[in-house]
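What follows is one structure encoded as C-alpha cells, with my remarks underneath.
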Amino acid sequence: MSLELHPDRLLPADPTVRDIARELYASVAGLPIISPHGHVPAQWIAEDTAFRDPTSLLITPDHYLTRLLHASGVDLAELGVGTELTPEGSRRAFRLLCEHWRVFRGTPMRYWFESQLVEVFGAYLEPSATSADALYDRISSWIGQPTSRPRALMREFGIEFLATTDDPCEDLAHHRAIARDDGFAPRVVPTFRPDTYLEPARPTWVAAVDRLAAVSGTDTGDYAGWVTAMEDRRAYFREHGAVSTDHSHRDLGTERLPDREAEQLYAAARAGRISAADGDRLRRHMVDEMARMATEDGLTMTLHPAVHRNHHGPTSDRFGADVGADIPLGVEVTQALSPLLNRYGTHPNLTLVVFTIDETVYSRELAPLAGFYPSLRIGVPWWFLDAPDAIRRFRAAVTESAGFTRTSGFIDDTRAFLSIPARHDMSRRLDCAHLAELVAQHRLGIDEAAETARYLVTDQPRDVFGI
Amino acid sequence: MSLELHPDRLLPADPTVRDIARELYASVAGLPIISPHGHVPAQWIAEDTAFRDPTSLLITPDHYLTRLLHASGVDLAELGVGTELTPEGSRRAFRLLCEHWRVFRGTPMRYWFESQLVEVFGAYLEPSATSADALYDRISSWIGQPTSRPRALMREFGIEFLATTDDPCEDLAHHRAIARDDGFAPRVVPTFRPDTYLEPARPTWVAAVDRLAAVSGTDTGDYAGWVTAMEDRRAYFREHGAVSTDHSHRDLGTERLPDREAEQLYAAARAGRISAADGDRLRRHMVDEMARMATEDGLTMTLHPAVHRNHHGPTSDRFGADVGADIPLGVEVTQALSPLLNRYGTHPNLTLVVFTIDETVYSRELAPLAGFYPSLRIGVPWWFLDAPDAIRRFRAAVTESAGFTRTSGFIDDTRAFLSIPARHDMSRRLDCAHLAELVAQHRLGIDEAAETARYLVTDQPRDVFGI
Amino acid sequence: MSLELHPDRLLPADPTVRDIARELYASVAGLPIISPHGHVPAQWIAEDTAFRDPTSLLITPDHYLTRLLHASGVDLAELGVGTELTPEGSRRAFRLLCEHWRVFRGTPMRYWFESQLVEVFGAYLEPSATSADALYDRISSWIGQPTSRPRALMREFGIEFLATTDDPCEDLAHHRAIARDDGFAPRVVPTFRPDTYLEPARPTWVAAVDRLAAVSGTDTGDYAGWVTAMEDRRAYFREHGAVSTDHSHRDLGTERLPDREAEQLYAAARAGRISAADGDRLRRHMVDEMARMATEDGLTMTLHPAVHRNHHGPTSDRFGADVGADIPLGVEVTQALSPLLNRYGTHPNLTLVVFTIDETVYSRELAPLAGFYPSLRIGVPWWFLDAPDAIRRFRAAVTESAGFTRTSGFIDDTRAFLSIPARHDMSRRLDCAHLAELVAQHRLGIDEAAETARYLVTDQPRDVFGI
C-alpha cells in the first residue's frame with residue numbers, strides 16, 4: 001500500500017473553514033522550530049552520532065509506540081527495551097511494529113511515524129507485514145548517509161533552539177562542546193530537572209543529596225546547604241544556557257514551612273527517618289523554594305504533575321522506568337498552587353508553566369488562574385493529550401477565559417528526535433484549524449488570526465522561555 | 001404529525017463527511033447483532049412469551065423513560081411502576097408519555113422510541129396527545145401477531161448472541177430450555193452477576209451467602225468455603241454458556257488482603273459484626289479474587305462502578321430499585337485498579353472491561369491504562385452516556401491514546417428488548433461518523449476505516465467476550 | 001481598523017447547518033429580555049443615573065476585563081479598581097484596554113465589548129492604541145445624551161424583567177421607588193442573597209446576625225430567632241417582588257442536623273467559639289433550612305457553589321473582593337445534595353437551580369439528577385463558562401440525559417449593564433446553533449427546534465423563576 005501525506009491533513013473538513021485554515025497554515029508552516037522542552041540526548045548532537053539501526057532509533061526509546069504494542073501482546077524485550085538487540089532482533093522488532101500497524105489507527109503515533117517515513121526517509125510505503133523489510137532496509141540505508149547525522153538533521157528540520165533535560169549534577173560537557181562549535185548555529189541548552197533532590201522520603205534521596213554536595217562543593221548536611229547547593233547548580237546551568245527548570249511530582253502542592261520546621265524535616269530526612277507525609281510537606285516547601293530561586297535567576301519553571309510512575313511493578317522491575325507504564329492521575333490546581341501564587345504569582349521575574357494530563361483542569365482551574373496571575377502560563381497539551389482531538393479540546397477549553405497570550409507555546413517533550421518536525425507541524429495545523437473556526441464563525445478577523453498563528457510559534461515560546 | 005426516520009440520521013452534516021460516513025455505514029448496517037451484556041429476561045425467550053400491552057412492554061420497565069417523566073411531574077405509579085395497571089391504566093400511561101413527548105427532545109430515548117415505532121411497529125406517527133390512542137391501538141394489535149413473539153423478533157432483528165444478567169444462585173432453567181431447542185439458532189447465555197455476595201457489610205449479605213451454600217452444596221461458613229462456592233457457581237454458569245461476569249460496586253477499589261485477614265474479616269461478616277470500612281476492604285479483596293478466578297476459567301470480567309443507587313429514599317421505599325433514581329458518582333481508576341492490574345494485568349487469560357459514567361476518566365485514566373495493559377479494555381459508553389454526542393466524545397477521548405482495538409465492542413445493556421436493533425444501529429452510525437471525520441481530515445484511509453467499522457461490530461465483541 | 005458585527009456571528013460554519021441556525025435565530029432574536037439573575041445596581045434605575053465616564057461604566061466594575069489585563073501586567077489601580085480615577089486617569093485606563101486588545105482575542109469579553117461598541121455606541125472602530133481616544137470621546141458623548149440613561153436603555157434593550165442581587169438587610173428603597181413609578185413598565189426586583197448570614201465560622205458573622213436582628217426586629221440570639229428573622233426578611237423581599245434567593249458557598253453540602261445540635265452549634269457561633277468544621281456543618285443545615293423555607297414561600301433557590309474567593313491575598317488586601325481573583329474549585333453534587341433532595345426534591349413548591357463552573361458535573365451529576373428530581377434545574381453556564389464553546393459543550397453534555405426542559409433559562413449574571421443585550425443575544429445564537437445541528441443530523445424536526453428555541457427564551461425562565 002502506498003503512503004502519502006495529504007497536504008490538508010488535520011485541517012477541518014468543511015470547505016470554508018478548510019480554506020481559511022490552509023491559508024493560515026501556509027503562513028507558519030515554514031517557520032523555524034523552537035523546542036524549549038524535550039528529551040533528546042545532548043551527546044547525539046555534541047558527537048554528531050550516527051544512528052545505529054531503525055529499531056533503536058525509532059522504536060525502542062519511544063514509549064508511545066512500545067506501550068500500545070505491549071497492550072497488544074508484544075513483549076517489551078522483543079522491542080529492545082532493557083536489552084541490546086542483535087541485527088536480526090532489530091529487524092524482527094521493526095517487523096512486529098509493522099505487523100501491528102492497525103492498532104495505531106486514529107493515534108498520533110501513527111501520524112508522526114508516517115510523517116517521518118515520507119518526510120524524513122522518503123519511504124512511501126504503509127507499514128505492514130509485507131512492507132516491513134523494505135522499510136527497514138530503506139531506513140537502514142538512510143541512516144548510513146552523512147546527511148542523516150543529528151547536526152545535519154537539526155539544520156534540515158530548521159530547529160533553532162533545542163532544550164534537553166538534565167540532572168542537576170550533570171557536568172554538561174556535551175552542551176559545552178556544542179556551544180564551543182562556532183560552525184553550528186542552533187542553540188542546544190540544558191534544562192534543570194531536580195525531581196530526585198526534592199523527594200526527601202525516597203530511598204534514593206540521601207545518596208542524591210550527597211552527590212549534590214560533591215558536585216557543588218557545598219555541604220548539604222543541613223537545609224541551608226541544600227539551598228545553596230541548588231542555587232549553585234542552577235547558576236551553573238544558566239551559564240550553560242539553560243532557560244528553564246522542570247518539575248514532576250505526584251501533586252502540585254506548594255507550601256512555605258517556617259524555617260525551623262523545614263530545617264527539622266530536612267535533618268530527619270538526612271537521617272533517613274522522615275515519614276512519607278512529612279516528605280511530601282518538605283517537598284512542597286522545596287518546590288516553593290524553587291519558585292523563589294526562579295524569581296531571582298529568571299529561569300522559567302515548568303511543572304508536569306500527577307503521574308503514577310511505574311504503575312506495573314513487574315514491568316519496572318524487569319525494564320526500569322520510562323517504558324510506557326506511567327499513568328495519569330487526577331490533579332488539583334487551585335488550592336495546591338495557592339501558597340506559591342500568593343507569594344510569587346505577580347512577581348515580574350517569574351514565569352511558571354503548568355502542564356496537565358488531566359483535561360478537567362483546563363477550563364476549571366488553569367485558564368481562570370492564568371487569566372489573573374501574570375506569572376502563570378497554561379502548558380500546551382502534554383503526553384496522552386498531545387494529539388489532534390485533545391489539542392483542539394485544549395484550545396476550546398482555555399481560550400475563552402485566558403485568550404491566546406496566556407499559553408506556553410508548543411513544546412514537543414519528545415525522545416523521538418526525528419518526530420520533532422512532525423510534532424511541531426501538527427501543532428501548527430491544529431492551532432490554525434482552531435483559529436479558522438473562529439474566523440468562520442466571525443469571532444476573529446483573518447488578519448488577527450494570521451498574526452496569532454505566527455505569534456504562537458515565534459514570540460510566545462521566546463517570551464515564555466526567555467529565549 | 002407524520003413520523004419518518006431519515007436514512008442519514010446521526011451522520012455528520014458536512015456533505016463530504018456525510019458521504020464517507022454513509023458509505024461506511026452501508027457496509028455495516030446489515031451485520032448481525034451481538035449483544036454480550038443486557039437485561040432481557042431469559043424467560044421471555046424460553047417461553048416465547050407474548051407481550052402483554054404497550055405500556056408494560058415499552059414504558060414501565062424502561063427507567064430511561066420513567067425518570068424523565070418523573071422529573072416532569074408524572075407519578076411513577078401512573079406509569080405502572082410497582083403496580084399492575086388495568087387496561088385503562090395502561091392506555092392512560094401511554095397517553096402520559098405521548099403528552100410529554102416534547103421533554104424527550106434531544107435525548108436518545110426519543111430516538112430509540114421513534115425508531116421502534118417506525119421499524120418495529122410500522123407506526124408512522126409522532127407521539128402526541130392526539131396520536132396517543134392510535135399508537136396504542138397500533139402497538140396492541142402488533143402485539144397480538146404471532147411474529148411479535150420474542151423468538152421471531154430475535155430472528156428478525158438478526159440477534160445472533162444475547163447475554164442476560166443473572167444471580168449466581170439462579171438455576172438457569174430458561175437458558176437450558178433455550179439451548180436444548182435445536183430449532184432456535186441464536187445463543188442466549190447467562191451472565192454471572194455476584195454483587196450481593198461481595199458486599200459483606202450489607203444487611204442482606206448473610207442470607208445471600210447462606211443461599212449460596214445451599215445452591216452450591218458448599219459450606220460458606222468460612223472464606224475458603226465462599227471461594228469454593230463461587231468457583232462452583234462460575235463453573236455452572238460456564239456450562240450454561242456464560243462468557244462473562246459483571247460487577248457493580250460503589251468504587252473500583254481492589255486489594256489483595258493477607259489470607260488470614262481475609263478470613264478474619266469474613267468471619268466477622270458472617271457474624272454480622274463487620275464495619276462498613278472493613279466491608280469495603282473485604283469486598284475489594286473479593287473483587288481481586290474474582291479476577292483471579294477469571295484468569296483460571298476465562299470468563300470476561302466487566303465492571304460498572306460508581307453509581308449512587310436509590311438516591312431518593314422515598315422513591316425506593318415505595319417502588320424499589322432500578323426505577324431511575326440511580327445517580328453517577330465520580331470515579332478513580334488509576335490507583336483503584338493498581339493492585340489488581342499488578343497481579344493480573346498481563347495475564348493472557350484475563351479480559352477486564354471497565355465501563356464508566358464519569359467521562360473524565362476516558363482520556364485521563366482508562367485510555368492510558370488500556371494502552372498499556374493487555375488485559376484491560378475500555379467499555380463503550382454506558383447509561384447516561386449511551387447517546388449520540390457522548391458516544392462521539394468517547395471515541396474522541398480514547399482513540400488517540402488507545403486506538404480502536406482497546407475498546408470493548410458495543411453492548412446495549414438494555415431491559416428494552418425492542419430497542420436493541422435501534423441501539424446497535426445508533427452505535428454503528430456514530431462509529432462510522434467518527435471514522436468518517438478521520439478520513440475527511442486525512443488521518444485514516446477509507447479502506448482502513450471500512451475495515452475498522454466492520455471490526456468494531458464483529459471481531460471486537462467476539463474477541464473481548466470470547467464468543 | 002473598522003469594526004463590523006457579522007449577522008451570522010457564532011453560527012456554525014457549515015452552510016446547511018448555518019441556514020437552519022439562521023432561520024431559528026431570526027425567530028427569537030427580537031424577543032424581549034428576561035434577566036432573572038444579575039448584579040446591576042437598583043439605584044441606577046431608581047434614580048435613572050447618568051453614567052460618569054467610559055471607564056467607570058465599562059471597565060472598572062467588570063472583573064472579566066480587569067483580570068485579563070492584570071494577567072497581562074496592568075495594575076488594577078490603573079483601571080480604577082479601588083480608587084477614583086481623574087478624568088485623565090479614566091482616559092488612560094481606557095487606552096490601556098485598547099492597547100491590550102489582542103489579549104482578548106477568542107474570548108467572550110471581546111465579543112461583548114465589540115457588540116456594545118457597534119450596537120450601543122454606534123462606534124465602528126476596533127479598539128487599538130490608535131483608536132482609543134476616538135472611542136473614548138465617542139462613548140463620552142454618548143453618555144451625555146438623555147437616551148443613554150438606564151431607564152431609556154432598559155426600554156431600548158427590551159428588558160422586561162431584571163433582578164438585582166441584595167443583602168437580606170437591604171431596605172430595598174430603590175426597588176420600591178421603581179415599582180411606584182407607573183410610567184416605567186419593566187419589572188426590577190431584588191434577589192435575596194444571604195451568604196454572609198450562613199457562614200457561622202466567619203469573623204463577620206456575629207455582626208451580620210446582629211444587624212439581621214435589628215432590621216427584622218427579631219432576637220437572633222438563638223437558632224429559632226435566626227430562622228424567624230430569615231423568614232421575615234424573605235417575606236419582605238417577596239413583598240418587593242423578589243422571585244429567588246441566591247447562595248454561593250464553597251461546597252454544595254446539605255445536611256439536616258437534629259434541632260438540638262443546630263441550636264448548640266448556633267449558640268457556639270454566637271459566642272464566637274465555633275470551629276471551621278462545625279461552621280460548615282451548621283451552614284449546610286442552614287442551606288437545608290433555606291430550601292425548607294422555599295417550599296413554603298415559593299422563592300426559587302439558586303446555588304452558585306465552589307469558588308475559591310479572593311485567591312490572591314495581596315490583591316484582596318489592596319482592592320477588596322470581586323476584582324477578578326476568584327478561582328473555581330472542583331465540585332461534587334450527587335452526594336452533597338442528597339440530604340436536601342431526599343427531603344424536598346419532589347416538593348411541588350420548590351425550584352432549585354444549580355450552577356457550576358466545574359463542567360465535569362454536567363453529564364455526570366447534574367443532568368442525571370435533574371432528569372429525575374422535579375425540583376431540580378440545571379443552571380446554564382455561569383462565569384468562565386458563559387462563552388461560546390463552553391455553552392455549546394453545556395448543551396451537548398446535558399441535553400441527552402435531561403432534554404431541554406430541565407435547564408434554567410438564560411441568566412446573564414452581569415454587573416456590565418450595557419452588555420446585557422449582547423449576552424442574551426449570544427445565548428440565543430448558540431442555542432439555535434445547537435438546535436440546528438440536531439436538525440441537520442435529523443435528530444429533531446425544524447418546527448420542534450423553532451418551538452424549543454422560543455421556549456428557552458420565554459417560558460423556561462418564566463417557569464423556573466415564577467415570573
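Chain labels follow the order of the C-alpha cells: the first chain is A, the next B, and so on; residue numbering restarts at 1 in every chain, and ligands are counted from 1 in their shown order.
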Define the interface residues of chain B facing chain A as those within 8 Å, counting only C-alpha atoms, and report them as a PyMOL selection string.
chain B and resi 14+16-17+334+338+341-342+360+363-365+368-375+396-397+399-405+437-438+440-444
Mind writing the picked residues with C-alpha atoms as a short mmCIF file (atom, residue, chain, number, x, y, z; two decimals), in the first residue's frame?
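Result went into out25.cif, see below:
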```cif
data_model
loop_
_atom_site.label_atom_id
_atom_site.label_comp_id
_atom_site.auth_asym_id
_atom_site.auth_seq_id
_atom_site.Cartn_x
_atom_site.Cartn_y
_atom_site.Cartn_z
CA ASP B 14 -20.93 18.33 6.30
CA THR B 16 -18.09 15.46 2.35
CA VAL B 17 -18.00 13.79 5.73
CA THR B 334 -5.50 4.54 38.18
CA SER B 338 -3.41 -0.76 40.56
CA LEU B 341 -3.51 -4.91 37.41
CA ASN B 342 -0.20 -5.54 39.11
CA THR B 360 -13.35 12.43 32.84
CA SER B 363 -8.71 10.30 28.37
CA ARG B 364 -7.09 10.62 31.77
CA GLU B 365 -7.09 7.06 33.06
CA PRO B 368 -3.69 5.29 29.16
CA LEU B 369 -4.28 2.10 31.18
CA ALA B 370 -5.78 0.11 28.30
CA GLY B 371 -2.96 1.39 26.10
CA PHE B 372 -0.50 -0.46 28.29
CA TYR B 373 -2.21 -3.45 29.96
CA PRO B 374 -3.12 -6.28 27.58
CA SER B 375 -5.85 -7.46 29.97
CA ALA B 396 -12.54 11.32 20.51
CA ALA B 397 -11.33 10.89 24.09
CA THR B 399 -8.80 6.67 20.41
CA GLU B 400 -5.76 8.92 20.43
CA SER B 401 -4.16 7.03 23.32
CA ALA B 402 -5.60 3.57 22.84
CA GLY B 403 -6.65 3.26 19.20
CA PHE B 404 -9.71 1.23 18.25
CA THR B 405 -8.54 -2.19 19.34
CA GLU B 437 -14.19 12.54 10.28
CA LEU B 438 -10.79 10.86 10.46
CA ALA B 440 -12.07 13.55 5.84
CA GLN B 441 -9.18 15.02 7.83
CA HIS B 442 -6.79 12.61 6.10
CA ARG B 443 -5.95 10.82 9.32
CA LEU B 444 -7.16 7.43 8.07
#
```
As a list in words, please: all residues of segment 115-299 of chain A that backbone DSSP puts in strand (DSSP E).
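Strand (DSSP E) assignments inside segment 115-299 of chain A correspond to Ile159, Glu160, Phe161, Leu162, Ala163, Arg187, Val188, Val189, Ser244, Thr245, Asp246 and His247 of chain A.
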Those selected residues, please, written with N, CA, C and O atoms and delivered as a short mmCIF file (atom, residue, chain, number, x, y, z; two decimals), in the first residue's frame.
```cif
data_model
loop_
_atom_site.label_atom_id
_atom_site.label_comp_id
_atom_site.auth_asym_id
_atom_site.auth_seq_id
_atom_site.Cartn_x
_atom_site.Cartn_y
_atom_site.Cartn_z
N ILE A 159 15.57 23.46 13.22
CA ILE A 159 15.50 23.59 14.68
C ILE A 159 16.50 24.65 15.13
O ILE A 159 17.70 24.43 15.09
N GLU A 160 16.00 25.77 15.58
CA GLU A 160 16.87 26.86 16.01
C GLU A 160 17.29 26.73 17.45
O GLU A 160 18.36 27.19 17.85
N PHE A 161 16.40 26.14 18.24
CA PHE A 161 16.63 26.09 19.68
C PHE A 161 16.12 24.74 20.18
O PHE A 161 15.01 24.33 19.86
N LEU A 162 16.97 24.06 20.95
CA LEU A 162 16.57 22.75 21.45
C LEU A 162 17.04 22.62 22.90
O LEU A 162 18.22 22.75 23.19
N ALA A 163 16.08 22.37 23.81
CA ALA A 163 16.46 22.16 25.21
C ALA A 163 16.43 20.66 25.52
O ALA A 163 15.51 19.96 25.10
N ARG A 187 21.00 26.61 18.91
CA ARG A 187 21.32 26.58 20.34
C ARG A 187 20.79 25.28 20.94
O ARG A 187 19.63 24.92 20.74
N VAL A 188 21.63 24.59 21.69
CA VAL A 188 21.23 23.37 22.40
C VAL A 188 21.54 23.60 23.87
O VAL A 188 22.72 23.74 24.24
N VAL A 189 20.52 23.68 24.69
CA VAL A 189 20.73 24.08 26.09
C VAL A 189 20.16 23.03 27.04
O VAL A 189 19.27 22.28 26.69
N SER A 244 15.24 27.07 31.63
CA SER A 244 14.14 26.64 32.49
C SER A 244 14.52 25.49 33.41
O SER A 244 15.52 24.80 33.19
N THR A 245 13.69 25.32 34.43
CA THR A 245 13.76 24.14 35.29
C THR A 245 12.46 23.37 35.09
O THR A 245 11.42 23.96 34.77
N ASP A 246 12.51 22.05 35.27
CA ASP A 246 11.32 21.23 35.06
C ASP A 246 11.09 20.35 36.28
O ASP A 246 12.05 19.81 36.84
N HIS A 247 9.82 20.20 36.64
CA HIS A 247 9.48 19.52 37.89
C HIS A 247 8.30 18.59 37.70
O HIS A 247 7.27 19.00 37.17
#
```
Could you pull out the residues in segment 155-222 of chain B that DSSP calls alpha helix (DSSP H) from the backbone, as a list in words?
Arg155, Glu156, Phe157, Ala173, His174, His175, Arg176, Ala177, Ile178, Ala179, Arg180, Trp205, Val206, Ala207, Ala208, Val209, Asp210, Arg211, Leu212, Ala213, Ala214, Val215 and Ser216 of chain B
At what distance in Å, to one decimal, does atom CA of Met1 of chain C lie from atom CA of Ala450 of chain A?
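Computing the Euclidean distance for atom CA of Ala450 of chain A and atom CA of Met1 of chain C yields 15.6 Å.
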Smallest atom-to-atom distance to Trp382 of chain A: which of A:Gly253, A:Gly225, A:Gly38, A:Gly320, using only C-alpha atoms?
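Looking only at the distances to Trp382 of chain A, the closest residue turns out to be A:Gly38.
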Which neighbours of segment 273-281 of chain C fall inside 7 Å, counting only C-alpha atoms, when residues of the same chain fewer than 3 positions from it are skipped, and could you give them as number ranges by chain?
C: 199-201, 265, 268-269, 284-285
Contacts of Thr407 of chain C at 8 Å (only C-alpha atoms; same-chain gap of 2+ positions) as a PyMOL selection string:
chain C and resi 377-380+404-405+409+460
With C-alpha atoms retained, export the selected residues as a PDB file, in the first residue's frame.
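out_38.pdb written:
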```
ATOM      1  CA  ARG C 377     -32.961  22.514  37.244  1.00  0.00           C
ATOM      2  CA  ILE C 378     -29.557  22.691  35.623  1.00  0.00           C
ATOM      3  CA  GLY C 379     -28.221  26.217  35.636  1.00  0.00           C
ATOM      4  CA  VAL C 380     -26.936  27.464  32.289  1.00  0.00           C
ATOM      5  CA  PHE C 404     -34.242  20.959  27.129  1.00  0.00           C
ATOM      6  CA  THR C 405     -36.939  21.340  29.750  1.00  0.00           C
ATOM      7  CA  GLY C 409     -33.216  29.503  31.018  1.00  0.00           C
ATOM      8  CA  GLN C 460     -38.455  28.478  30.546  1.00  0.00           C
TER       9      GLN C 460
END
```
As a ChimeraX atom specification, please: the residues near Glu88 of chain C (cut-off 12 Å, only C-alpha atoms, same-chain neighbours under 4 positions excluded).
/C:53-55,78-80,84,92-95,133,136
